[in-house]
Number of protein chains: 2
Amino acid sequence: MSRPSLAEALFRPRAVALIGASDDAGKTAGRPLRFLRKHGYAGPIYPINPNRPAVQGERAYASLGAAPGPVDHAYILVNTPAVEAAATACAEAGVKVATILASGFAEAGAEGCERQRRIVEIARGSGLRLVGPNSLGVVNTSLPLALTANAAFATESLPRGRLAVLSQSGSLIGTLLSRGGVRGIGFGKLISVGNEADLSVGEIGAALADDPETDAFLLFLETVRAREEMARFAALAHRAGKPIIAYKLGRSEVSQALAVSHTGAMVGSDAAVEAFLRHLGIIRVDHLDTLLEMAPLIVGRAPPAGRNRRVGVIATTGGGAATVVDRLGVLGVEVTPPSADTLAKLRSVNVPPQSGPIVDVTLAGARYEVMRPALDILMDAQDFALVLATVGSSAQLQPELTVKPIVDCAREKKPLVVFLTPQADEALRLLARHGIAAFRTPEACADAIAAYLAWREPTRAGDVDPRALARAASALHATKGDVLDERRSLALFAALGLPVAPSHLIDPAAPSAVLPFPYPVAAKVLSPDITHKTDAGGVALEIATASELAERARALVAVARSHHPNARIEGVLTQPMERGIAEVLLGYRLDAQAGPVVTVGMGGTLAEIYRDYAVRVAPLSVAEATDMVAEVRGFALLRGYRSKPPGDTAALAEAIAAISRLAGLSEPTVLEAEINPLIVKPAGQGVVAVDGVVRIA
Amino acid sequence: MSRPSLAEALFRPRAVALIGASDDAGKTAGRPLRFLRKHGYAGPIYPINPNRPAVQGERAYASLGAAPGPVDHAYILVNTPAVEAAATACAEAGVKVATILASGFAEAGAEGCERQRRIVEIARGSGLRLVGPNSLGVVNTSLPLALTANAAFATESLPRGRLAVLSQSGSLIGTLLSRGGVRGIGFGKLISVGNEADLSVGEIGAALADDPETDAFLLFLETVRAREEMARFAALAHRAGKPIIAYKLGRSEVSQALAVSHTGAMVGSDAAVEAFLRHLGIIRVDHLDTLLEMAPLIVGRAPPAGRNRRVGVIATTGGGAATVVDRLGVLGVEVTPPSADTLAKLRSVNVPPQSGPIVDVTLAGARYEVMRPALDILMDAQDFALVLATVGSSAQLQPELTVKPIVDCAREKKPLVVFLTPQADEALRLLARHGIAAFRTPEACADAIAAYLAWREPTRAGDVDPRALARAASALHATKGDVLDERRSLALFAALGLPVAPSHLIDPAAPSAVLPFPYPVAAKVLSPDITHKTDAGGVALEIATASELAERARALVAVARSHHPNARIEGVLTQPMERGIAEVLLGYRLDAQAGPVVTVGMGGTLAEIYRDYAVRVAPLSVAEATDMVAEVRGFALLRGYRSKPPGDTAALAEAIAAISRLAGLSEPTVLEAEINPLIVKPAGQGVVAVDGVVRIA
């Protein structure tokens, strides 16, 4: 038997073994045999059970070695303590993939982590690859293969389709199967990836990127465990024209992450992961149903190009359409009335004049002869990037009047999205059969439209100038300890190309009045051990004369010592007073899930409280940084708020791109860096970093 | 025939007339006859049609007068221009209620408004009451009465129940009927209130408050048209123990209302309406499905009392439960792990130790013998105010294992909410039959839990001291024009009991250096025509001496004149420099929908950009004002943020209550009032209003 590819062993195994298959078809360890048979797997199945000659009426084998033929894919169903032996047996028998059901591994404390490390070691030492542990299995509806312990697969038939589901939650593959069934949305492959001890979402996805039976990927994520593999998967899928949609848990971590350090960790990991997914061109949805219902909207499409992001709305129910439009408004999506030209065309097919953004055909009559031409006009119009059709009770009772024209309308022209207000499962299935995205709640519908319009091509990383990097590396060279003080941090930022305020270190015991810049100046205690200088009374502003400086420098040190008796104090750093339009916080951080990210927002406590920050993967281009500046709400103050002068947002974008170059440094690695504040001056006058801190590995 | 009550004529008419009934049962004007017959209305039906002797095979009458008996409720189905004559005929024939189908009234410009005024006049002149215009009709499933043109009522049977639906969107009564059907949620009364030209949501609701067939009210609102009647309805329903849930469109108006005036209109009407609904004890939900699915959670319950707002979670699917828990986190709902005591009890029924807030019974087995005792333990525990049970695929395939224990569990103890991850319509119906709230999306489930926990008793209005009111009225007495300048505004605030900064008016041409307070001072141009003084260069701060004051007062006037050449300048107002922990914006406004409301938030542009304000109906108590202070996120700065000293939040609450007393003034009416800034000093040192403006009717 030839060696199968990873995708073949996973989803098209020529023979499977069920290690620890139970005789009780209702038990979890008994289900895979039952489901494989029920849904008609055609290859040999070898139940492995040393205690019974037969399992569920089929011949069982005492060991893998006793099985009459080779095995591509084994499902290990034994209890946690027996998994290692089973994995070893798989490795020895030349099994290509073993999927492990048991829990009690990395998710279960130190002992579980050690147990997981051992099974990975067993696999690494052989050609064996692992799915899980903690995996509810692998399904390929087209083979068919239902190698799963998920109880939902007791269903009579598997709704086939061309979507691949990769889920970190095992039960969710059953949820999607069940919810998809009634909507007429089917799946090709479904896999519960479990703990991803060996095979990650990314590696499995990459193996399916060229799968001729897969059109798009749905991910249910709790975290990102292997970001390089995820990035490779996204790149391959993008190249193959196969969109990826992700639902990711953890939004509420953001709301919990109120604790703010002074060193850039001002956003929770969820915002970093969101930036990471966006960077890869992966669509993130907010509602669980959207993950399922949105797929037809993006299959076969590329991210929307051009500036037009306007949504047109046609409806047989004004109230129903308003529920979506209101939600779109909350999400910042532009819903616009048709142009005068489009309105004239609508009149010519007897749809009366409309006020507001919803083209309501109720008065003209919710009939095919009204809906069809009106829809065609909206789909042809240049006005809109996307058309939403909202259908009321006719969707349930007379779909031929209002749903059929949607099906018949040539939707290749532009995306067409449908919200059905009644319970109308048949209409949902009809629309799904024709590849039209249809939604049963206004919230999921609006979520999908907003996600589609926000969908972008994968981002190109920013260039990292090797000379700047070399300068930065040499600025880091002589660093001792893991935290750079303000002076060394500013030197590093300067090496990266950031404008930094000049500074001059004085000895508070013997202050020199001769500064290389004019008064007034600011003075700060310089200590690698004091990061919250202001809280420690270590900052003095608006110092006008040399004698005042001498006096206040002594006082600063005295106060700082009273707060931090053991701090090493290297002196008092003086700087000219810098003034601008706003003070900005600019941070860089190596996120555990997403890798290097840059964060920018307004400085000060209010921005901190509202957590109004833009986050992107580093390094990034100036164009991407410009996009970040546009995203921060508080930067309204920089955009010429209420006739105030605008700030130098171009220089701010350059500064963001500059700090993002820290991602290019590898020796030593920068864990966190923060400039707070970066002062933004009026347009044309630049920005300047006046304080900062850097933490290295 | 005795005169029926309003509720009887609306929902239990002894005879109905269909004015303009069409012979074509498929046409809108033909549907009511068809639906009345289909669903078995038992009383006489008089089709009125001057052009045909018979309609849909039934005898028709040329006019109301020709009908053989009196009519309690007529449905006017004629075209817009013919409505007036039909209404007149109803009035003359002694019809008690006429429901009007046609549109083209107040929603259709000035001509439509005038048309609506005329039909209201016809009704007012007689005993006739009107529903609509623009009404899709009135339904009472228990009579049964399907006096409606909503196509959804072509359904084979009406799902009966004890919920009353009052909707400003006609199509939504069909949506709810249809969606309720599959979930086993039925309705008693459904009414499309249309334009509420005469009968409002409030008056119709009040008529049903004592209805023995109604347990709770569901409102679909686009606006609030008659707030006094809405308030009366809410009070009667509350007294009768019948909760009201509202879904209201218009959240996105808030996002549009970025334009901020200087006179208190800093929040869009939606926030005011939200405050109004809360004031009345009406629950507002965010998702359309929640309106329907939440009802069992509140029927027969009062708003949750006590401080415990914690949610406990039991699940057969950890991933499924996490989708709700994540969402609850975003909504600020506290989901907590069981106490040690509860965990011990769970262990005693073989549910293994848990980490995190979700009690996952998967390992113990998703069986009745596991779920039932575990559920009972959570329901009995003092830990939680509410328990959420999330059920996976067994809900669809083996509800006896995991759904039946939920049904059997004594849920009188505390609210029990269910989220079903698969498509499980039968389980939804089973739960509905037992009065248990069950949800099909994690988002609606979390929305309902958050709305339930935020549900409050109707608010008691704050006391208005008649002496303070008399002082305020006299402060307003001599006012000319409609805008009070800063000095008069501050005098009004002082009369209401607000601490205001002392001020002294000087003549810039002949400035007196003798001020009744010490330097440093602030100086501002005083003009009824300049409201944005800072923008007009009309404010000077930190003036240290009398000569500096003289100089800067002249400069202020010169700059102000250059910005506003025609402004009346009354002088320059001086005040001592006031310092505090934060500057707050405090506003009062007569909202078109919600009536008098008070708004409070941080001062400054960032708070404006984030629109972080608390809004309540005025007048309000100090307790309610304290609640507002706790709600504003930016007031973290007043609560001792990052070891900074806390502000005098008690005095701030007193100030909020004081400005809310403006609601007691009637002659003249105050339209808007704003204090900006109100300076909040350290705890114990009070607050002080330093600038403000008032606009009167």
# chains A, B, ... in the order shown; residues from 1 in each chain; ligands from 1

$ residues_around --residues "A:Thr605" --least-positions-apart "6" --cutoff "10 Å" --atoms "only C-alpha atoms" --output "list in words"
Arg611 of chain A; Gly634, Ala636, Leu637, Tyr641 and Arg642 of chain B

$ interface_residues --of "chain A" --to "chain B" --cutoff "6 Å" --atoms "only C-alpha atoms" --output "ChimeraX atom specification"
/A:152,169,175,178-179,252,319,326,329-330,393,421-423

$ residues_around --residues "A:Arg471" --least-positions-apart "5" --cutoff "10 Å" --atoms "only C-alpha atoms" --output "ChimeraX atom specification"
/A:466,476-477,491-492,494-497

$ atom_distance --atom1 "atom CA of B:Tyr452" --atom2 "atom CA of B:Val351"
28.8 Å

$ closest_residue --among "A:Val138, A:Ala364, A:Ala381, A:Leu199" --to "A:Lys345" --atoms "only C-alpha atoms"
A:Ala381

$ atom_distance --atom1 "atom CA of A:Val273" --atom2 "atom CA of A:Gly595"
8.8 Å

$ residues_around --residues "A:Ala655" --least-positions-apart "4" --cutoff "7 Å" --atoms "only C-alpha atoms" --output "PyMOL selection string"
chain A and resi 498+651+659

$ atom_distance --atom1 "atom CA of A:Leu416" --atom2 "atom CA of A:Glu213"
24.2 Å

$ select_by_dssp --residues "stretch 541-646 of chain B" --states "alpha helix (DSSP H)" --output "JSON, numbers by chain"
{"B": [546, 547, 548, 549, 550, 551, 552, 553, 554, 555, 556, 557, 558, 559, 560, 561, 562, 563, 605, 606, 607, 608, 609, 610, 622, 623, 624, 625, 626, 627, 628, 629, 630, 631]}

$ closest_residue --among "B:Ser22, B:Asn676, B:Ser503, B:Ser2" --to "B:Thr599" --atoms "only C-alpha atoms"
B:Asn676

$ closest_residue --among "A:Pro458, A:Pro520, A:Gly202, A:Pro338" --to "A:Pro303" --atoms "only C-alpha atoms"
A:Pro458

$ select_by_dssp --residues "stretch 172-365 of chain A" --states "strand (DSSP E or B)" --output "ChimeraX atom specification"
/A:187-192,216-221,244-248,283-285,311-315,335,358-360

$ residues_around --residues "B:Met230" --least-positions-apart "2" --cutoff "9 Å" --atoms "only C-alpha atoms" --output "PyMOL selection string"
chain B and resi 200-203+205-206+224-228+232-235+280

$ residues_around --residues "A:Asp627" --least-positions-apart "3" --cutoff "12 Å" --atoms "only C-alpha atoms" --output "list in words"
Thr459, Val600, Ala614, Val615, Arg616, Leu620, Ser621, Val622, Ala623, Glu624, Ala630, Glu631, Val632, Phe635, Thr649, Ala650, Leu652, Ala653, Glu654, Ile656 and Ala657 of chain A

$ write_last_selection --atoms "all heavy atoms" --output "compact mmCIF listing (two decimals), in the first residue's frame"
# COMPACT_ATOMS: atom_id res chain seq x y z
N THR A 459 -2.80 41.32 4.20
CA THR A 459 -1.98 42.53 4.24
C THR A 459 -0.54 42.20 3.85
O THR A 459 -0.01 41.17 4.26
CB THR A 459 -1.95 43.09 5.67
OG1 THR A 459 -3.28 43.10 6.18
CG2 THR A 459 -1.39 44.49 5.69
N VAL A 600 -1.99 51.64 18.81
CA VAL A 600 -1.92 53.10 18.92
C VAL A 600 -3.28 53.64 19.37
O VAL A 600 -4.33 53.09 19.02
CB VAL A 600 -1.48 53.75 17.57
CG1 VAL A 600 -2.53 53.60 16.49
CG2 VAL A 600 -1.13 55.23 17.76
N ALA A 614 -6.20 51.08 17.98
CA ALA A 614 -6.11 50.28 16.76
C ALA A 614 -4.91 49.35 16.92
O ALA A 614 -3.87 49.75 17.45
CB ALA A 614 -5.93 51.18 15.54
N VAL A 615 -5.08 48.13 16.46
CA VAL A 615 -4.04 47.11 16.61
C VAL A 615 -3.77 46.48 15.24
O VAL A 615 -4.71 46.19 14.49
CB VAL A 615 -4.48 46.01 17.60
CG1 VAL A 615 -3.35 45.02 17.85
CG2 VAL A 615 -4.96 46.61 18.91
N ARG A 616 -2.50 46.27 14.90
CA ARG A 616 -2.14 45.59 13.65
C ARG A 616 -0.91 44.71 13.86
O ARG A 616 -0.11 44.96 14.78
CB ARG A 616 -1.78 46.59 12.54
CG ARG A 616 -2.93 47.42 12.02
CD ARG A 616 -3.92 46.63 11.19
NE ARG A 616 -4.86 47.53 10.54
CZ ARG A 616 -5.85 48.18 11.16
NH1 ARG A 616 -6.04 48.00 12.45
NH2 ARG A 616 -6.64 48.99 10.49
N LEU A 620 4.53 46.73 9.67
CA LEU A 620 3.45 47.15 8.79
C LEU A 620 3.90 48.33 7.94
O LEU A 620 4.87 49.02 8.26
CB LEU A 620 2.19 47.47 9.58
CG LEU A 620 2.25 48.39 10.79
CD1 LEU A 620 2.35 49.83 10.39
CD2 LEU A 620 1.00 48.19 11.64
N SER A 621 3.17 48.52 6.85
CA SER A 621 3.48 49.60 5.92
C SER A 621 2.89 50.92 6.42
O SER A 621 2.01 50.93 7.29
CB SER A 621 2.89 49.28 4.55
OG SER A 621 1.48 49.27 4.64
N VAL A 622 3.35 52.01 5.85
CA VAL A 622 2.80 53.31 6.21
C VAL A 622 1.34 53.39 5.80
O VAL A 622 0.51 54.00 6.50
CB VAL A 622 3.63 54.44 5.55
CG1 VAL A 622 2.98 55.80 5.79
CG2 VAL A 622 5.06 54.44 6.11
N ALA A 623 0.97 52.73 4.70
CA ALA A 623 -0.44 52.73 4.26
C ALA A 623 -1.32 52.08 5.32
O ALA A 623 -2.39 52.57 5.67
CB ALA A 623 -0.58 51.99 2.93
N GLU A 624 -0.83 50.96 5.87
CA GLU A 624 -1.59 50.26 6.90
C GLU A 624 -1.64 51.11 8.17
O GLU A 624 -2.68 51.16 8.86
CB GLU A 624 -0.90 48.91 7.17
CG GLU A 624 -1.67 47.94 8.01
CD GLU A 624 -2.86 47.32 7.30
OE1 GLU A 624 -2.98 47.47 6.07
OE2 GLU A 624 -3.69 46.71 8.00
N ALA A 630 -6.88 56.25 11.02
CA ALA A 630 -8.27 56.55 10.68
C ALA A 630 -9.25 55.80 11.57
O ALA A 630 -10.40 56.19 11.73
CB ALA A 630 -8.53 56.21 9.21
N GLU A 631 -8.78 54.70 12.17
CA GLU A 631 -9.68 53.81 12.91
C GLU A 631 -9.92 54.27 14.35
O GLU A 631 -10.96 53.98 14.93
CB GLU A 631 -9.03 52.41 12.91
CG GLU A 631 -9.88 51.29 13.41
CD GLU A 631 -9.11 49.96 13.27
OE1 GLU A 631 -8.69 49.64 12.15
OE2 GLU A 631 -8.93 49.27 14.29
N VAL A 632 -8.95 54.96 14.93
CA VAL A 632 -9.07 55.36 16.35
C VAL A 632 -10.07 56.50 16.47
O VAL A 632 -9.90 57.55 15.86
CB VAL A 632 -7.69 55.76 16.92
CG1 VAL A 632 -7.82 56.27 18.34
CG2 VAL A 632 -6.73 54.58 16.86
N PHE A 635 -8.89 59.92 17.75
CA PHE A 635 -8.06 60.72 16.85
C PHE A 635 -8.89 61.73 16.06
O PHE A 635 -8.35 62.47 15.24
CB PHE A 635 -7.25 59.83 15.90
CG PHE A 635 -6.08 59.14 16.56
CD1 PHE A 635 -5.34 58.20 15.88
CD2 PHE A 635 -5.72 59.44 17.86
CE1 PHE A 635 -4.26 57.55 16.49
CE2 PHE A 635 -4.65 58.81 18.49
CZ PHE A 635 -3.92 57.86 17.79
N THR A 649 -1.03 63.81 11.05
CA THR A 649 -1.36 62.38 11.03
C THR A 649 -0.41 61.61 10.12
O THR A 649 -0.18 60.42 10.33
CB THR A 649 -2.81 62.16 10.58
OG1 THR A 649 -3.03 62.89 9.38
CG2 THR A 649 -3.79 62.64 11.63
N ALA A 650 0.15 62.28 9.11
CA ALA A 650 1.10 61.59 8.23
C ALA A 650 2.35 61.21 9.01
O ALA A 650 2.84 60.07 8.91
CB ALA A 650 1.46 62.50 7.05
N LEU A 652 2.47 60.78 12.17
CA LEU A 652 2.06 59.75 13.13
C LEU A 652 2.10 58.37 12.47
O LEU A 652 2.60 57.40 13.07
CB LEU A 652 0.65 60.07 13.67
CG LEU A 652 0.02 59.03 14.58
CD1 LEU A 652 0.90 58.73 15.80
CD2 LEU A 652 -1.37 59.49 15.06
N ALA A 653 1.59 58.29 11.24
CA ALA A 653 1.61 57.01 10.53
C ALA A 653 3.05 56.54 10.31
O ALA A 653 3.36 55.35 10.47
CB ALA A 653 0.86 57.13 9.19
N GLU A 654 3.94 57.47 9.96
CA GLU A 654 5.36 57.11 9.81
C GLU A 654 5.92 56.56 11.12
O GLU A 654 6.70 55.60 11.12
CB GLU A 654 6.18 58.34 9.40
CG GLU A 654 5.85 58.93 8.03
CD GLU A 654 6.55 58.19 6.89
OE1 GLU A 654 7.33 57.26 7.17
OE2 GLU A 654 6.30 58.54 5.72
N ILE A 656 4.27 55.06 13.51
CA ILE A 656 3.71 53.73 13.77
C ILE A 656 4.49 52.68 12.98
O ILE A 656 4.88 51.64 13.50
CB ILE A 656 2.21 53.69 13.39
CG1 ILE A 656 1.40 54.65 14.28
CG2 ILE A 656 1.66 52.27 13.50
CD1 ILE A 656 -0.03 54.89 13.79
N ALA A 657 4.72 52.99 11.70
CA ALA A 657 5.48 52.06 10.86
C ALA A 657 6.89 51.87 11.42
O ALA A 657 7.44 50.76 11.42
CB ALA A 657 5.53 52.56 9.42
